[in-house]
>>> print(open('structure36.pdb').read())   # PDB, C-alpha atoms
MODEL        1
ATOM      1  CA  MET A   1       2.957  46.738  -2.871
ATOM      2  CA  GLY A   2       0.494  49.074  -1.311
ATOM      3  CA  GLU A   3      -2.536  46.798  -1.708
ATOM      4  CA  ASP A   4      -2.861  43.391   0.036
ATOM      5  CA  ASP A   5      -5.054  40.950  -1.944
ATOM      6  CA  THR A   6      -5.074  38.234   0.720
ATOM      7  CA  ASP A   7      -8.196  39.563   2.421
ATOM      8  CA  TRP A   8     -11.001  37.270   1.237
ATOM      9  CA  LYS A   9     -13.921  39.663   1.823
ATOM     10  CA  ARG A  10     -12.292  42.484  -0.106
ATOM     11  CA  ALA A  11     -11.439  40.113  -2.970
ATOM     12  CA  THR A  12     -15.003  38.770  -3.222
ATOM     13  CA  LYS A  13     -16.416  42.291  -3.381
ATOM     14  CA  ALA A  14     -14.040  43.094  -6.219
ATOM     15  CA  VAL A  15     -14.714  39.831  -8.103
ATOM     16  CA  PRO A  16     -18.045  38.203  -7.048
ATOM     17  CA  GLU A  17     -17.397  35.102  -9.174
ATOM     18  CA  LEU A  18     -14.719  34.002  -6.684
ATOM     19  CA  ARG A  19     -17.383  32.829  -4.215
ATOM     20  CA  LEU A  20     -18.886  30.568  -6.897
ATOM     21  CA  LEU A  21     -15.421  29.336  -7.858
ATOM     22  CA  LYS A  22     -14.605  28.553  -4.222
ATOM     23  CA  ALA A  23     -17.865  26.570  -3.852
ATOM     24  CA  LEU A  24     -17.172  24.644  -7.058
ATOM     25  CA  VAL A  25     -13.616  23.721  -6.007
ATOM     26  CA  THR A  26     -14.817  22.667  -2.540
ATOM     27  CA  GLY A  27     -17.604  20.538  -4.066
ATOM     28  CA  LEU A  28     -15.170  18.919  -6.490
ATOM     29  CA  ALA A  29     -12.774  18.081  -3.665
ATOM     30  CA  LEU A  30     -15.594  16.473  -1.664
ATOM     31  CA  VAL A  31     -16.796  14.410  -4.633
ATOM     32  CA  MET A  32     -13.246  13.244  -5.398
ATOM     33  CA  GLY A  33     -12.729  12.273  -1.764
ATOM     34  CA  LEU A  34     -15.958  10.280  -1.682
ATOM     35  CA  GLY A  35     -15.021   8.630  -4.979
ATOM     36  CA  MET A  36     -11.656   7.527  -3.606
ATOM     37  CA  VAL A  37     -13.325   6.101  -0.487
ATOM     38  CA  ALA A  38     -15.810   4.208  -2.695
ATOM     39  CA  ILE A  39     -13.043   2.779  -4.900
ATOM     40  CA  VAL A  40     -10.984   1.631  -1.917
ATOM     41  CA  ALA A  41     -14.079   0.058  -0.310
ATOM     42  CA  LEU A  42     -14.966  -1.812  -3.507
ATOM     43  CA  LEU A  43     -11.415  -3.102  -3.948
ATOM     44  CA  TRP A  44     -11.283  -4.166  -0.298
ATOM     45  CA  MET A  45     -14.560  -6.088  -0.616
ATOM     46  CA  ARG A  46     -13.713  -7.742  -3.951
ATOM     47  CA  LEU A  47     -10.089  -8.637  -3.223
ATOM     48  CA  GLY A  48     -10.498  -9.534   0.430
ATOM     49  CA  GLN A  49     -10.885 -13.293   0.185
ATOM     50  CA  PRO A  50     -10.649 -15.390  -2.958
ATOM     51  CA  VAL A  51     -13.633 -17.688  -3.256
ATOM     52  CA  LEU A  52     -13.078 -21.326  -4.159
ATOM     53  CA  PRO A  53     -15.172 -22.631  -7.050
ATOM     54  CA  GLU A  54     -17.946 -25.039  -6.177
ATOM     55  CA  LEU A  55     -16.944 -28.674  -6.022
ATOM     56  CA  PRO A  56     -19.095 -30.682  -8.464
ATOM     57  CA  ALA A  57     -21.778 -32.786  -6.794
ATOM     58  CA  ALA A  58     -20.437 -36.000  -8.385
ATOM     59  CA  ILE A  59     -17.156 -35.683  -6.480
ATOM     60  CA  ALA A  60     -17.087 -37.156  -2.989
ATOM     61  CA  LEU A  61     -14.059 -36.309  -0.893
ATOM     62  CA  PRO A  62     -12.612 -38.852   1.541
ATOM     63  CA  GLU A  63     -13.871 -38.758   5.131
ATOM     64  CA  GLY A  64     -12.643 -35.675   6.979
ATOM     65  CA  ALA A  65     -11.000 -34.051   3.937
ATOM     66  CA  ALA A  66     -11.641 -30.367   3.202
ATOM     67  CA  PRO A  67     -10.653 -28.764  -0.125
ATOM     68  CA  ALA A  68      -7.930 -26.116  -0.029
ATOM     69  CA  ALA A  69      -7.641 -25.721  -3.829
ATOM     70  CA  ILE A  70      -9.614 -26.957  -6.828
ATOM     71  CA  THR A  71      -8.328 -27.042 -10.397
ATOM     72  CA  PHE A  72     -10.482 -27.884 -13.404
ATOM     73  CA  ALA A  73      -8.672 -29.346 -16.410
ATOM     74  CA  ARG A  74     -10.197 -30.534 -19.668
ATOM     75  CA  ASP A  75     -10.986 -34.057 -18.500
ATOM     76  CA  TRP A  76      -9.858 -33.995 -14.878
ATOM     77  CA  THR A  77     -10.586 -32.250 -11.616
ATOM     78  CA  VAL A  78      -7.696 -31.915  -9.187
ATOM     79  CA  VAL A  79      -8.448 -31.266  -5.521
ATOM     80  CA  VAL A  80      -5.772 -30.363  -3.000
ATOM     81  CA  THR A  81      -6.966 -30.940   0.543
ATOM     82  CA  GLU A  82      -5.996 -28.913   3.590
ATOM     83  CA  ALA A  83      -3.889 -31.877   4.730
ATOM     84  CA  GLY A  84      -1.821 -31.576   1.528
ATOM     85  CA  GLU A  85      -3.234 -34.592  -0.320
ATOM     86  CA  VAL A  86      -3.705 -34.303  -4.075
ATOM     87  CA  LEU A  87      -6.805 -36.084  -5.389
ATOM     88  CA  LEU A  88      -7.407 -36.669  -9.112
ATOM     89  CA  TYR A  89     -11.000 -37.153 -10.303
ATOM     90  CA  ASP A  90     -12.379 -37.785 -13.793
ATOM     91  CA  ARG A  91     -15.477 -36.084 -15.240
ATOM     92  CA  SER A  92     -17.833 -38.630 -13.728
ATOM     93  CA  GLY A  93     -16.459 -37.997 -10.236
ATOM     94  CA  ALA A  94     -14.522 -41.240  -9.843
ATOM     95  CA  LEU A  95     -11.264 -41.025  -7.912
ATOM     96  CA  HIS A  96      -8.328 -41.998 -10.194
ATOM     97  CA  GLY A  97      -5.345 -41.100  -8.116
ATOM     98  CA  GLN A  98      -4.283 -39.881  -4.714
ATOM     99  CA  VAL A  99      -0.914 -38.480  -3.644
ATOM    100  CA  SER A 100      -0.198 -37.959   0.027
ATOM    101  CA  PRO A 101       2.312 -35.320   1.188
ATOM    102  CA  ASP A 102       4.730 -38.040   2.326
ATOM    103  CA  GLN A 103       4.601 -39.710  -1.152
ATOM    104  CA  ALA A 104       5.513 -36.531  -3.046
ATOM    105  CA  PRO A 105       8.919 -36.611  -4.789
TER
ENDMDL
END
>>> encode(input="structure36.pdb", output="structure tokens")
Amino acid sequence: MGEDDTDWKRATKAVPELRLLKALVTGLALVMGLGMVAIVALLWMRLGQPVLPELPAAIALPEGAAPAAITFARDWTVVVTEAGEVLLYDRSGALHGQVSPDQAP
């Protein structure tokens, strides 16, 4: 154990490729770090707030009602308002049924 290989300058003089290897590892670590930041930022932007689908123009909500959820079925469109009402519309936009929160079973 007479020779100590922990001295960086002595090691690079003995093996000059170590400087290149150190630069490559440092560059790779930086690129991986930036990649992780980019992935987290993209996930944060995409999964931040779910966007409601557009309400068809033919559907007219009652006065003062704001949609909280919209579901599109084959022949029906179901709108749940922020007040908890469930509104059932056909394809033409005509209101077929309305269930208030106090009427729910």
>>> atom_distance(input="structure36.pdb", atom1="atom CA of Gly64 of chain A", atom2="atom CA of Val80 of chain A")
13.2 Å
>>> resolve_selection(input="structure36.pdb", expression="the PyMOL selection byres ((chain A and resi 84-94) around 9)", output="ChimeraX atom specification")
/A:56-61,65,68,74-83,95-101
>>> write_last_selection(input="structure36.pdb", atoms="C-alpha atoms", output="CSV table (one decimal), keeping the file's coordinate frame")
chain,number,residue,atom,x,y,z
A,56,PRO,CA,-19.1,-30.7,-8.5
A,57,ALA,CA,-21.8,-32.8,-6.8
A,58,ALA,CA,-20.4,-36.0,-8.4
A,59,ILE,CA,-17.2,-35.7,-6.5
A,60,ALA,CA,-17.1,-37.2,-3.0
A,61,LEU,CA,-14.1,-36.3,-0.9
A,65,ALA,CA,-11.0,-34.1,3.9
A,68,ALA,CA,-7.9,-26.1,0.0
A,74,ARG,CA,-10.2,-30.5,-19.7
A,75,ASP,CA,-11.0,-34.1,-18.5
A,76,TRP,CA,-9.9,-34.0,-14.9
A,77,THR,CA,-10.6,-32.2,-11.6
A,78,VAL,CA,-7.7,-31.9,-9.2
A,79,VAL,CA,-8.4,-31.3,-5.5
A,80,VAL,CA,-5.8,-30.4,-3.0
A,81,THR,CA,-7.0,-30.9,0.5
A,82,GLU,CA,-6.0,-28.9,3.6
A,83,ALA,CA,-3.9,-31.9,4.7
A,95,LEU,CA,-11.3,-41.0,-7.9
A,96,HIS,CA,-8.3,-42.0,-10.2
A,97,GLY,CA,-5.3,-41.1,-8.1
A,98,GLN,CA,-4.3,-39.9,-4.7
A,99,VAL,CA,-0.9,-38.5,-3.6
A,100,SER,CA,-0.2,-38.0,0.0
A,101,PRO,CA,2.3,-35.3,1.2
>>> atom_distance(input="structure36.pdb", atom1="atom CA of Val31 of chain A", atom2="atom CA of Pro16 of chain A")
23.9 Å
>>> axis_aligned_box(input="structure36.pdb", around="segment 73-84 of chain A", padding_each_side="4 Å", output="JSON")
{"center_x": -6.4, "center_y": -31.5, "center_z": -7.5, "size_x": 17.2, "size_y": 13.1, "size_z": 32.4}
>>> atom_distance(input="structure36.pdb", atom1="atom CA of Val15 of chain A", atom2="atom CA of Leu30 of chain A")
24.2 Å
